[in-house]
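Reproduced below: query33.cif, with mmCIF, C-alpha atoms.
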data_input
#
loop_
_atom_site.label_atom_id
_atom_site.label_comp_id
_atom_site.auth_asym_id
_atom_site.auth_seq_id
_atom_site.Cartn_x
_atom_site.Cartn_y
_atom_site.Cartn_z
CA MET F 1 -13.60 15.75 22.83
CA GLU F 2 -16.13 13.44 24.37
CA SER F 3 -16.66 14.54 27.94
CA VAL F 4 -15.73 16.96 30.70
CA ARG F 5 -13.66 15.71 33.61
CA GLY F 6 -14.67 17.26 36.92
CA ARG F 7 -13.65 20.90 36.84
CA TRP F 8 -13.01 20.87 33.06
CA PRO F 9 -14.80 19.89 30.46
CA ARG F 10 -6.53 8.09 20.86
CA GLY F 11 -0.64 5.87 12.61
CA ASN F 12 1.62 3.48 10.22
CA ARG F 13 0.69 0.25 8.46
CA GLU F 14 2.50 -1.96 10.96
CA GLU F 15 0.53 -0.45 13.85
CA ARG F 16 -2.79 -1.28 12.16
CA GLY F 17 -2.30 -5.05 12.34
CA TRP F 18 -2.33 -7.43 9.39
CA LEU F 19 -6.08 -8.03 9.67
CA ARG F 20 -6.64 -4.28 9.15
CA GLY F 21 -4.46 -3.52 6.18
CA ALA F 22 -0.87 -4.13 7.28
CA PRO F 23 1.25 -6.77 5.47
CA PRO F 24 0.65 -10.27 6.85
CA PRO F 25 3.25 -11.76 9.20
CA TRP F 26 5.95 -14.03 7.83
CA TRP F 27 4.25 -17.25 8.95
CA VAL F 28 1.11 -16.43 6.93
CA ARG F 29 3.24 -15.87 3.81
CA VAL F 30 5.21 -19.06 4.35
CA LEU F 31 2.22 -21.27 5.21
CA PRO F 32 0.96 -22.04 1.64
CA VAL F 33 4.47 -22.92 0.39
CA LEU F 34 5.25 -24.93 3.50
CA LEU F 35 1.97 -26.82 3.26
CA LEU F 36 2.53 -27.70 -0.39
CA ALA F 37 6.07 -28.87 0.33
CA ALA F 38 5.04 -30.86 3.40
CA VAL F 39 2.14 -32.71 1.73
CA GLY F 40 4.16 -33.35 -1.44
CA SER F 41 7.13 -34.71 0.53
CA ALA F 42 4.95 -36.90 2.74
CA THR F 43 3.22 -38.50 -0.25
CA LEU F 44 6.59 -39.24 -1.88
CA ILE F 45 7.83 -40.97 1.26
CA THR F 46 4.84 -43.22 1.93
CA PRO F 47 1.60 -44.09 0.08
CA HIS F 48 -0.23 -43.91 3.41
CA ALA F 49 0.04 -40.10 3.29
CA ARG F 50 -2.50 -39.85 0.49
CA ASP F 51 -5.14 -39.15 3.12
CA LEU F 52 -3.45 -35.75 3.52
CA GLY F 53 -4.38 -34.75 -0.01
CA PHE F 54 -7.40 -32.75 1.17
CA LEU F 55 -4.99 -30.18 2.66
CA LEU F 56 -3.89 -29.17 -0.83
CA GLY F 57 -7.27 -27.59 -1.50
CA ALA F 58 -6.56 -24.98 1.20
CA ILE F 59 -3.35 -23.71 -0.41
CA PRO F 60 -4.79 -21.35 -3.10
CA PRO F 61 -7.17 -19.59 -0.64
CA LEU F 62 -4.29 -19.20 1.84
CA ALA F 63 -2.11 -17.72 -0.90
CA VAL F 64 -4.70 -14.98 -1.48
CA LEU F 65 -3.87 -13.53 1.96
CA SER F 66 -0.24 -12.85 1.05
CA TYR F 67 0.42 -13.02 -2.68
CA GLY F 68 -0.62 -11.47 -5.94
CA PRO F 69 -2.42 -13.30 -8.76
CA LEU F 70 0.78 -14.60 -10.39
CA THR F 71 2.16 -16.33 -7.30
CA THR F 72 -1.31 -17.56 -6.36
CA GLY F 73 -1.65 -19.06 -9.86
CA VAL F 74 1.76 -20.75 -9.59
CA LEU F 75 0.80 -22.30 -6.25
CA GLY F 76 -2.52 -23.42 -7.76
CA VAL F 77 -0.69 -25.12 -10.62
CA GLY F 78 1.59 -26.76 -8.06
CA VAL F 79 -1.44 -28.15 -6.22
CA VAL F 80 -2.94 -29.63 -9.40
CA THR F 81 0.46 -31.07 -10.37
CA VAL F 82 0.91 -32.80 -7.01
CA LEU F 83 -2.62 -34.20 -7.25
CA THR F 84 -2.10 -35.70 -10.72
CA LEU F 85 1.44 -37.13 -10.46
CA PRO F 86 1.43 -40.92 -10.05
CA VAL F 87 4.45 -40.83 -7.78
CA THR F 88 2.50 -38.93 -5.09
CA HIS F 89 -0.20 -41.61 -4.92
CA LEU F 90 -2.81 -38.84 -5.22
CA ASN F 91 -3.57 -39.36 -8.90
CA ARG F 92 -6.83 -41.12 -8.30
CA PRO F 93 -9.17 -38.30 -7.28
CA GLY F 94 -12.50 -38.33 -9.01
CA ASP F 95 -13.13 -35.92 -11.85
CA THR F 96 -15.44 -33.90 -9.63
CA ASP F 97 -12.78 -33.54 -6.90
CA LEU F 98 -10.12 -32.48 -9.39
CA LEU F 99 -12.41 -29.97 -11.08
CA THR F 100 -13.32 -28.57 -7.67
CA VAL F 101 -9.64 -27.96 -6.85
CA VAL F 102 -9.06 -26.36 -10.27
CA PHE F 103 -12.08 -24.12 -9.80
CA VAL F 104 -10.96 -23.07 -6.30
CA ALA F 105 -7.47 -22.30 -7.62
CA ALA F 106 -8.85 -20.20 -10.49
CA LEU F 107 -11.23 -18.38 -8.16
CA SER F 108 -8.35 -17.69 -5.77
CA VAL F 109 -6.35 -16.09 -8.59
CA PHE F 110 -9.29 -13.78 -9.37
CA VAL F 111 -9.78 -12.86 -5.69
CA SER F 112 -6.05 -12.20 -5.35
CA TYR F 113 -6.18 -9.86 -8.35
CA VAL F 114 -9.10 -7.91 -6.89
CA ARG F 115 -7.44 -7.72 -3.46
CA SER F 116 -4.13 -6.54 -4.93
CA ARG F 117 -5.82 -3.75 -6.90
CA ARG F 118 -7.82 -2.67 -3.86
CA ASP F 119 -4.77 -2.72 -1.58
CA ALA F 120 -2.84 -0.62 -4.09
CA GLN F 121 -5.66 1.94 -4.20
CA LEU F 122 -5.88 2.10 -0.41
CA ASP F 123 -2.12 2.52 -0.11
CA THR F 124 -2.23 5.36 -2.64
CA GLU F 125 -5.04 7.13 -0.81
CA ARG F 126 -3.29 6.77 2.53
CA ALA F 127 -0.01 8.05 1.09
CA ILE F 128 -1.84 11.07 -0.34
CA GLY F 129 -3.43 11.75 3.04
CA GLU F 130 -0.06 11.59 4.80
CA ALA F 131 1.56 13.82 2.18
CA VAL F 132 -1.18 16.45 2.43
CA GLN F 133 -1.00 16.42 6.23
CA ARG F 134 2.77 16.90 6.24
CA ALA F 135 2.66 19.52 3.49
CA VAL F 136 0.06 21.66 5.27
CA LEU F 137 1.28 21.06 8.86
CA PRO F 138 4.83 19.66 9.07
CA PRO F 139 5.89 17.54 12.06
CA LEU F 140 7.04 19.36 15.18
CA PRO F 141 10.80 20.11 15.24
CA ASP F 142 12.95 19.63 18.33
CA ARG F 143 12.67 23.29 19.26
CA VAL F 144 11.02 26.54 18.26
CA GLY F 145 13.13 29.54 19.16
CA ARG F 146 14.58 28.66 22.57
CA VAL F 147 11.71 26.38 23.57
CA GLY F 148 12.30 22.64 23.25
CA CYS F 149 9.38 20.62 21.88
CA ALA F 150 8.43 16.95 22.11
CA SER F 151 5.09 15.35 21.36
CA HIS F 152 3.10 12.15 21.11
CA TYR F 153 -0.25 11.66 19.38
CA ARG F 154 -2.66 8.78 18.90
CA ALA F 155 -6.05 9.12 17.22
CA ALA F 156 -9.10 7.58 18.85
CA GLN F 157 -10.71 6.59 15.55
CA ASP F 158 -9.08 3.55 13.97
CA GLY F 159 -7.69 4.02 10.50
CA THR F 160 -7.42 7.83 10.70
CA LEU F 161 -4.29 9.99 10.73
CA VAL F 162 -6.03 13.06 12.13
CA GLY F 163 -8.57 13.76 14.83
CA GLY F 164 -10.00 16.42 17.09
CA ASP F 165 -6.83 17.34 19.01
CA PHE F 166 -4.46 20.01 17.75
CA PHE F 167 -1.38 21.90 18.83
CA ASP F 168 0.95 24.51 17.43
CA VAL F 169 4.16 26.19 18.57
CA ARG F 170 5.12 29.46 16.93
CA ALA F 171 7.72 32.18 17.44
CA GLY F 172 6.72 35.79 16.81
CA PRO F 173 7.26 39.36 17.88
CA TYR F 174 5.73 38.70 21.33
CA GLY F 175 7.74 35.56 22.11
CA VAL F 176 7.11 31.88 21.56
CA ARG F 177 3.44 31.01 21.79
CA ALA F 178 1.91 27.56 21.98
CA VAL F 179 -1.59 26.14 21.86
CA LEU F 180 -3.00 22.71 22.63
CA GLY F 181 -6.69 22.15 22.12
CA ASP F 182 -9.46 19.65 21.69
CA VAL F 183 -12.48 20.31 19.47
CA GLN F 184 -15.87 18.73 19.89
CA GLY F 185 -15.86 15.20 18.47
CA HIS F 186 -12.92 13.37 16.94
CA GLY F 187 -11.87 11.75 13.70
CA LEU F 188 -12.55 13.17 10.26
CA THR F 189 -15.60 15.17 11.32
CA ALA F 190 -13.40 17.41 13.50
CA VAL F 191 -10.64 18.06 10.96
CA ALA F 192 -12.21 21.15 9.35
CA THR F 193 -12.60 22.82 12.76
CA VAL F 194 -9.03 21.92 13.72
CA VAL F 195 -7.62 23.45 10.53
CA SER F 196 -9.70 26.61 11.01
CA LEU F 197 -8.53 27.07 14.60
CA LEU F 198 -4.88 26.47 13.73
CA GLY F 199 -5.09 29.07 10.97
CA ALA F 200 -6.61 31.59 13.37
CA PHE F 201 -3.93 30.88 15.98
CA ARG F 202 -1.09 31.32 13.51
CA GLU F 203 -2.35 34.78 12.57
CA ALA F 204 -3.22 35.83 16.11
CA ALA F 205 0.13 34.67 17.50
CA LEU F 206 1.83 37.14 15.16
CA ASP F 207 -0.65 40.02 15.41
CA GLN F 208 -2.14 40.09 18.91
CA PRO F 209 -0.16 41.68 21.78
CA ASP F 210 -1.45 39.39 24.56
CA LEU F 211 -2.87 35.92 25.11
CA GLU F 212 -6.34 37.22 25.97
CA SER F 213 -6.56 38.68 22.47
CA VAL F 214 -5.33 35.43 20.94
CA ALA F 215 -8.05 33.51 22.80
CA ALA F 216 -10.65 36.05 21.64
CA ARG F 217 -9.53 35.57 18.02
CA LEU F 218 -9.94 31.80 18.30
CA ASP F 219 -13.32 32.20 19.97
CA ARG F 220 -14.53 34.49 17.19
CA ARG F 221 -13.27 32.13 14.50
CA LEU F 222 -15.17 29.23 16.05
CA ALA F 223 -18.30 31.30 16.53
CA VAL F 224 -18.28 32.39 12.88
CA ASP F 225 -17.73 28.82 11.68
CA SER F 226 -20.54 27.61 13.92
CA ALA F 227 -22.92 30.20 12.50
CA ASP F 228 -22.02 29.31 8.92
CA GLU F 229 -22.52 25.61 9.61
CA GLY F 230 -25.71 26.10 11.57
CA HIS F 231 -24.09 24.06 14.33
CA ALA F 232 -24.94 25.75 17.63
CA GLU F 233 -22.97 23.22 19.74
CA LEU F 234 -19.57 23.61 18.06
CA PHE F 235 -16.94 24.38 20.70
CA ALA F 236 -13.36 23.58 21.69
CA THR F 237 -11.17 23.65 24.77
CA ALA F 238 -7.66 25.10 24.58
CA LEU F 239 -4.51 25.91 26.50
CA LEU F 240 -2.52 28.97 25.42
CA LEU F 241 1.05 29.62 26.57
CA GLU F 242 3.52 32.44 25.95
CA PHE F 243 7.27 32.39 26.62
CA THR F 244 9.02 35.76 26.42
CA ASP F 245 12.14 34.57 28.27
CA GLY F 246 13.21 31.60 30.36
CA ALA F 247 12.08 33.15 33.65
CA ALA F 248 8.30 32.78 33.33
CA VAL F 249 5.45 31.49 31.20
CA ARG F 250 1.99 33.01 30.78
CA VAL F 251 -0.92 30.58 30.65
CA ILE F 252 -4.61 30.80 29.73
CA ALA F 253 -6.93 27.79 30.06
CA CYS F 254 -10.20 27.88 28.11
CA GLY F 255 -12.07 24.89 29.47
CA HIS F 256 -8.95 22.69 29.19
CA PRO F 257 -7.02 20.86 31.91
CA PRO F 258 -4.04 22.98 33.04
CA PRO F 259 -0.44 22.20 32.17
CA VAL F 260 1.68 20.25 34.62
CA LEU F 261 4.94 21.83 35.76
CA VAL F 262 7.59 19.11 35.87
CA ARG F 263 10.68 19.65 38.02
CA PRO F 264 13.36 17.19 39.14
CA GLY F 265 11.56 14.76 41.46
CA ALA F 266 8.28 16.66 41.43
CA ALA F 267 5.30 17.53 39.24
CA ARG F 268 2.26 19.67 39.98
CA GLU F 269 -0.65 21.18 38.11
CA VAL F 270 -0.27 24.84 37.31
CA GLY F 271 -2.88 26.95 39.03
CA VAL F 272 -4.97 28.68 36.36
CA VAL F 273 -8.12 30.78 36.32
CA PRO F 274 -10.72 28.63 34.54
CA ALA F 275 -12.33 30.21 31.48
CA PRO F 276 -15.21 28.88 29.36
CA PRO F 277 -14.44 26.83 26.25
CA LEU F 278 -14.03 28.53 22.91
CA GLY F 279 -17.05 28.97 20.69
CA ILE F 280 -19.86 29.21 23.24
CA GLY F 281 -19.92 33.03 23.20
CA LEU F 282 -18.85 33.69 26.81
CA LEU F 283 -15.31 34.98 26.29
CA GLY F 284 -16.66 38.41 25.33
CA VAL F 285 -18.69 38.53 28.56
CA ASP F 286 -16.03 37.10 30.89
CA PRO F 287 -12.56 37.34 29.26
CA PRO F 288 -10.05 34.65 30.26
CA LYS F 289 -7.52 35.61 32.93
CA GLU F 290 -3.84 35.21 32.18
CA VAL F 291 -1.64 33.57 34.86
CA THR F 292 2.12 34.09 35.04
CA VAL F 293 4.12 31.10 36.30
CA PRO F 294 7.75 31.61 37.41
CA LEU F 295 10.19 29.09 35.96
CA ARG F 296 13.45 27.62 37.22
CA PRO F 297 16.26 26.20 35.07
CA GLY F 298 15.29 22.70 33.96
CA ASP F 299 11.53 23.22 34.35
CA ARG F 300 9.24 21.67 31.75
CA LEU F 301 5.58 22.22 30.90
CA PHE F 302 3.59 19.05 30.21
CA LEU F 303 0.37 19.60 28.23
CA ALA F 304 -2.11 16.80 27.56
CA SER F 305 -5.53 16.44 25.97
CA ASP F 306 -8.59 14.87 27.58
CA GLY F 307 -7.67 11.48 26.12
CA VAL F 308 -4.79 11.31 28.63
CA TRP F 309 -6.44 13.05 31.59
CA GLU F 310 -9.61 10.99 31.27
CA ALA F 311 -8.04 7.56 30.74
CA ARG F 312 -9.60 5.12 33.20
CA ASP F 313 -8.56 1.81 34.71
CA ALA F 314 -10.80 -1.22 35.23
CA ALA F 315 -12.16 0.31 38.47
CA GLY F 316 -13.10 3.55 36.69
CA ALA F 317 -10.37 5.66 38.31
CA PHE F 318 -8.73 8.42 36.28
CA TYR F 319 -5.09 8.21 35.30
CA PRO F 320 -3.13 10.12 38.03
CA LEU F 321 -1.11 12.23 35.61
CA PRO F 322 0.75 14.55 38.06
CA GLU F 323 1.61 11.59 40.29
CA ARG F 324 2.94 9.54 37.38
CA LEU F 325 4.88 12.53 36.02
CA THR F 326 6.58 12.82 39.42
CA ALA F 327 7.74 9.23 39.03
CA LEU F 328 8.84 9.92 35.44
CA ALA F 329 10.44 13.31 36.15
CA GLY F 330 13.93 11.98 35.41
CA THR F 331 12.95 11.01 31.85
CA PRO F 332 14.56 13.21 29.15
CA SER F 333 12.16 15.67 27.57
CA ALA F 334 12.32 14.04 24.13
CA GLU F 335 11.31 10.69 25.65
CA LEU F 336 8.75 11.90 28.20
CA PRO F 337 5.65 11.91 25.91
CA GLY F 338 6.29 8.34 24.79
CA ALA F 339 7.09 7.26 28.35
CA VAL F 340 3.71 8.51 29.58
CA TRP F 341 1.93 6.60 26.81
CA VAL F 342 3.84 3.42 27.65
CA ASP F 343 2.93 3.93 31.32
CA LEU F 344 -0.75 4.27 30.40
CA VAL F 345 -0.70 1.05 28.42
CA ARG F 346 1.34 -0.89 30.97
CA ARG F 347 -1.05 0.05 33.76
CA HIS F 348 -4.06 -0.94 31.62
CA TYR F 349 -5.78 2.44 31.42
CA ARG F 350 -8.32 2.70 28.62
CA VAL F 351 -8.03 5.74 26.34
CA ARG F 352 -11.37 6.54 24.68
CA ASP F 353 -10.51 9.87 23.04
CA ASP F 354 -7.73 11.31 20.91
CA ALA F 355 -4.60 11.34 23.08
CA THR F 356 -2.11 14.17 22.59
CA VAL F 357 0.90 15.11 24.70
CA LEU F 358 3.15 18.16 24.27
CA VAL F 359 6.26 18.81 26.37
CA LEU F 360 7.76 22.32 26.25
CA THR F 361 11.22 23.03 27.70
CA PRO F 362 12.00 26.77 28.01
CA GLY F 363 15.59 27.78 27.33
CA ALA F 364 16.34 24.59 25.39
CA THR F 365 19.33 24.54 23.06
CA GLY F 366 20.64 21.80 20.86
CA ALA F 367 20.95 20.41 17.39
CA ARG F 368 18.46 20.97 14.68
CA GLY F 369 15.41 18.76 14.84
CA ALA F 370 14.33 16.21 12.30
CA GLY F 371 12.41 18.91 10.51
CA GLY F 372 15.15 21.53 10.99
CA GLU F 373 15.10 24.47 13.39
CA SER F 374 12.17 26.68 12.61
CA ASP F 375 10.43 29.75 13.91
CA SER F 376 7.20 27.83 13.82
CA ALA F 377 6.04 24.27 14.13
CA ARG F 378 2.67 22.81 13.45
CA PHE F 379 1.18 19.43 14.14
CA LEU F 380 -2.37 18.36 13.33
CA ALA F 381 -3.98 15.83 15.63
#

Translate the structure described by the file into structure tokens.
Amino acid sequence: MESVRGRWPRGNREERGWLRGAPPPWWVRVLPVLLLAAVGSATLITPHARDLGFLLGAIPPLAVLSYGPLTTGVLGVGVVTVLTLPVTHLNRPGDTDLLTVVFVAALSVFVSYVRSRRDAQLDTERAIGEAVQRAVLPPLPDRVGRVGCASHYRAAQDGTLVGGDFFDVRAGPYGVRAVLGDVQGHGLTAVATVVSLLGAFREAALDQPDLESVAARLDRRLAVDSADEGHAELFATALLLEFTDGAAVRVIACGHPPPVLVRPGAAREVGVVPAPPLGIGLLGVDPPKEVTVPLRPGDRLFLASDGVWEARDAAGAFYPLPERLTALAGTPSAELPGAVWVDLVRRHYRVRDDATVLVLTPGATGARGAGGESDSARFLA
């Protein structure tokens, strides 16, 4: 969480791009082979193509981008072979030129070996990180109890799978309860706080009889963590929701933008009583006020973190979320989070913080989700 907007206080290998760890595109892999074949063929056709021989020296370094040491070595041998065959008319390079090409080829094999080992280690570490994340907090299923769930998340810090946003949907003796929050900071530095708050919410959602008590439990957890860390500025914003039936939802907003109620052809912000953020010690002085919102069949609650609310265009204007949700109100619930993200990108709004979207559909029924129907669902952002 980077800033406060007005009345309230950004994934897989392919998405990272080939210059940041993803596999190179096909044309980069083909280029060394194509270059060797093209120069070799040209020199066989005409002796005038011997001036192209200098291009062969670029093949081993290009191979390092895509291939392991074995293939890089084979291409290096191919380069030396083409240079020394009389039929290619390239067999008259000086000893110094030939030794230079051999040295570059050998060095390329070594660099390819080092790169391959490093890539394998990075892939292993990333796979471990993904496995731990999914083991501790599995992906959100399609529904929890009779509340449909859909989400979209993008971390602000490049190369990270987790950040400072979090949400959780859990069924318990007092109904289905949900939280969406944003802790101070983002990236790896916020993960410990996120995990602590999610653990506190899971217990409070089962034990506490009302949302005010759940908020107080989260506030206490953050205050204790802040005291242990000696970090007096540790705080978080949060939205808490409770569904006991399909007729109404109870909402508490602790320093967080309110949910947006999406109906066919219309979307509006839910009126909430603002409460201070968690962790600054004011909830005990001024407890948050719960608001009950009547629901109609087909209503959906759209929750978003500051990364979405505070996205700005080139002129510095905020993304008009309720207005855009009105235009997207006909989008199915499962597709709505992704549709909002696509709309942000298409309209060239810049997202500077972790961006999290959660869509809750009371009274939803349907098939089991990808993770199976569950009484609880957790997602770390």

_Near-region 257-260 of chain F list (10 Å; all atoms listed in the file; drop same-chain fewer than 3 positions) as a PyMOL selection string_ = chain F and resi 4-9+180-181+237-241+251-254+263+267-274+300-306+309+321-322+325+358-359

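When all atoms listed in the file are used to measure the gap to Asp119 (chain F), the shortest distance among F:Ala223, F:Val147, F:Gly68, F:Asp165 belongs to F:Gly68.
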
*Compare F:Thr331, F:Ser116, F:Thr43, F:Thr326 by their minimum atom-to-atom distance to Ala266 (chain F), counting all atoms listed in the file, and give me the closest one.*
F:Thr326

*Could you write out as a PyMOL selection string the residues that the PyMOL selection byres ((chain F and resi 73) around 9) matches in the shown file?*
chain F and resi 60+68-72+74-78+105-106+108-109

Next, the residues of the selection above should be written as a PDB file, keeping the file's coordinate frame with C-alpha atoms.
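The file below, selection.pdb, is the result:
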ATOM      1  CA  PRO F  60      -4.790 -21.350  -3.100  1.00  0.00           C
ATOM      2  CA  GLY F  68      -0.620 -11.470  -5.940  1.00  0.00           C
ATOM      3  CA  PRO F  69      -2.420 -13.300  -8.760  1.00  0.00           C
ATOM      4  CA  LEU F  70       0.780 -14.600 -10.390  1.00  0.00           C
ATOM      5  CA  THR F  71       2.160 -16.330  -7.300  1.00  0.00           C
ATOM      6  CA  THR F  72      -1.310 -17.560  -6.360  1.00  0.00           C
ATOM      7  CA  VAL F  74       1.760 -20.750  -9.590  1.00  0.00           C
ATOM      8  CA  LEU F  75       0.800 -22.300  -6.250  1.00  0.00           C
ATOM      9  CA  GLY F  76      -2.520 -23.420  -7.760  1.00  0.00           C
ATOM     10  CA  VAL F  77      -0.690 -25.120 -10.620  1.00  0.00           C
ATOM     11  CA  GLY F  78       1.590 -26.760  -8.060  1.00  0.00           C
ATOM     12  CA  ALA F 105      -7.470 -22.300  -7.620  1.00  0.00           C
ATOM     13  CA  ALA F 106      -8.850 -20.200 -10.490  1.00  0.00           C
ATOM     14  CA  SER F 108      -8.350 -17.690  -5.770  1.00  0.00           C
ATOM     15  CA  VAL F 109      -6.350 -16.090  -8.590  1.00  0.00           C
TER      16      VAL F 109
END

*Have a look at F:Ala120, F:Ala155, F:Leu218, F:Val183 and name the one nearest to Ala200 (chain F); count all atoms listed in the file.*
F:Leu218

If you apply the PyMOL selection byres ((chain F and resi 235) around 7) to this file, what residues do you get, as a JSON list (two decimals) with C-alpha atoms, in the frame of the given file?
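Saved file expr05.json follows:
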[["chain", "number", "residue", "atom", "x", "y", "z"],
["F", 183, "VAL", "CA", -12.48, 20.31, 19.47],
["F", 184, "GLN", "CA", -15.87, 18.73, 19.89],
["F", 222, "LEU", "CA", -15.17, 29.23, 16.05],
["F", 233, "GLU", "CA", -22.97, 23.22, 19.74],
["F", 234, "LEU", "CA", -19.57, 23.61, 18.06],
["F", 236, "ALA", "CA", -13.36, 23.58, 21.69],
["F", 277, "PRO", "CA", -14.44, 26.83, 26.25],
["F", 278, "LEU", "CA", -14.03, 28.53, 22.91],
["F", 279, "GLY", "CA", -17.05, 28.97, 20.69],
["F", 280, "ILE", "CA", -19.86, 29.21, 23.24]]

*Which of these residues is nearest to Thr100 (chain F), using all atoms listed in the file: F:Gly363, F:Pro288, F:Gly172, F:Gly57?*
F:Gly57

_Counting all atoms listed in the file, which residue out of F:Val114, F:Leu122, F:Val101, F:Val357 sits closest to Gly307 (chain F)?_
F:Val357

*Quick one: distance from CA of Leu99 (chain F) to CA of Ile45 (chain F) in Å, one decimal?*
26.1 Å

*Might you spell out which residues the PyMOL selection byres ((chain F and resi 264) around 8) would select in the displayed file, as a list of chain:residue names?*
F:Val262, F:Arg263, F:Gly265, F:Ala266, F:Gly298, F:Asp299, F:Ala329, F:Gly330

*Please measure the separation of CA of Val30 (chain F) and CA of Pro61 (chain F), giving the value in Å to one decimal.*
13.4 Å

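These residues, each with an atom at most 12 Å from (-5.9, -12.5, 3.6) using all atoms listed in the file, are Trp18, Leu19, Arg20, Gly21, Ala22, Pro23, Pro24, Pro25, Val28, Arg29, Pro32, Pro60, Pro61, Leu62, Ala63, Val64, Leu65, Ser66, Tyr67, Gly68, Ser108, Val111, Ser112, Val114, Arg115, Ser116 and Asp119 of chain F.
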
*asked:* So the first atom is CA of Asp343 (chain F) and the second is CA of Ala327 (chain F); what is the distance between them in Å, to one decimal place?
replied: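 Between CA of Asp343 (chain F) and CA of Ala327 (chain F) the gap works out to 10.5 Å.
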
Should you be able to, write region 252-291 of chain F of this structure into a file that contains C-alpha atoms, as an mmCIF file, in the first residue's frame.
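Heads up, here's the output in selection.cif:
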data_model
loop_
_atom_site.group_PDB
_atom_site.id
_atom_site.type_symbol
_atom_site.label_atom_id
_atom_site.label_comp_id
_atom_site.auth_asym_id
_atom_site.auth_seq_id
_atom_site.Cartn_x
_atom_site.Cartn_y
_atom_site.Cartn_z
ATOM 1 C CA ILE F 252 -16.978 -2.974 7.595
ATOM 2 C CA ALA F 253 -14.341 -0.764 5.959
ATOM 3 C CA CYS F 254 -11.134 -0.130 7.912
ATOM 4 C CA GLY F 255 -9.427 2.558 5.876
ATOM 5 C CA HIS F 256 -10.140 0.686 2.625
ATOM 6 C CA PRO F 257 -12.190 1.771 -0.402
ATOM 7 C CA PRO F 258 -15.737 0.364 -0.131
ATOM 8 C CA PRO F 259 -17.054 -2.488 -2.255
ATOM 9 C CA VAL F 260 -18.990 -1.706 -5.412
ATOM 10 C CA LEU F 261 -22.466 -3.199 -5.737
ATOM 11 C CA VAL F 262 -22.895 -4.405 -9.323
ATOM 12 C CA ARG F 263 -26.416 -4.864 -10.685
ATOM 13 C CA PRO F 264 -27.620 -5.365 -14.264
ATOM 14 C CA GLY F 265 -26.826 -2.093 -16.037
ATOM 15 C CA ALA F 266 -25.672 -0.296 -12.898
ATOM 16 C CA ALA F 267 -22.861 -0.160 -10.353
ATOM 17 C CA ARG F 268 -22.454 2.024 -7.280
ATOM 18 C CA GLU F 269 -20.181 2.256 -4.271
ATOM 19 C CA VAL F 270 -21.631 0.840 -1.096
ATOM 20 C CA GLY F 271 -22.097 3.484 1.565
ATOM 21 C CA VAL F 272 -19.934 2.558 4.551
ATOM 22 C CA VAL F 273 -18.951 4.229 7.807
ATOM 23 C CA PRO F 274 -15.205 4.902 7.476
ATOM 24 C CA ALA F 275 -13.030 3.397 10.201
ATOM 25 C CA PRO F 276 -9.289 3.873 10.779
ATOM 26 C CA PRO F 277 -6.841 1.368 9.292
ATOM 27 C CA LEU F 278 -5.796 -1.665 11.278
ATOM 28 C CA GLY F 279 -2.732 -1.449 13.482
ATOM 29 C CA ILE F 280 -2.714 2.234 14.423
ATOM 30 C CA GLY F 281 -4.445 1.645 17.782
ATOM 31 C CA LEU F 282 -7.696 3.551 17.129
ATOM 32 C CA LEU F 283 -10.165 0.682 16.761
ATOM 33 C CA GLY F 284 -10.334 0.301 20.547
ATOM 34 C CA VAL F 285 -11.168 4.008 20.894
ATOM 35 C CA ASP F 286 -13.610 4.260 17.971
ATOM 36 C CA PRO F 287 -14.840 0.769 16.963
ATOM 37 C CA PRO F 288 -15.759 0.331 13.283
ATOM 38 C CA LYS F 289 -19.451 0.546 12.429
ATOM 39 C CA GLU F 290 -21.071 -2.321 10.575
ATOM 40 C CA VAL F 291 -23.348 -1.475 7.612
#
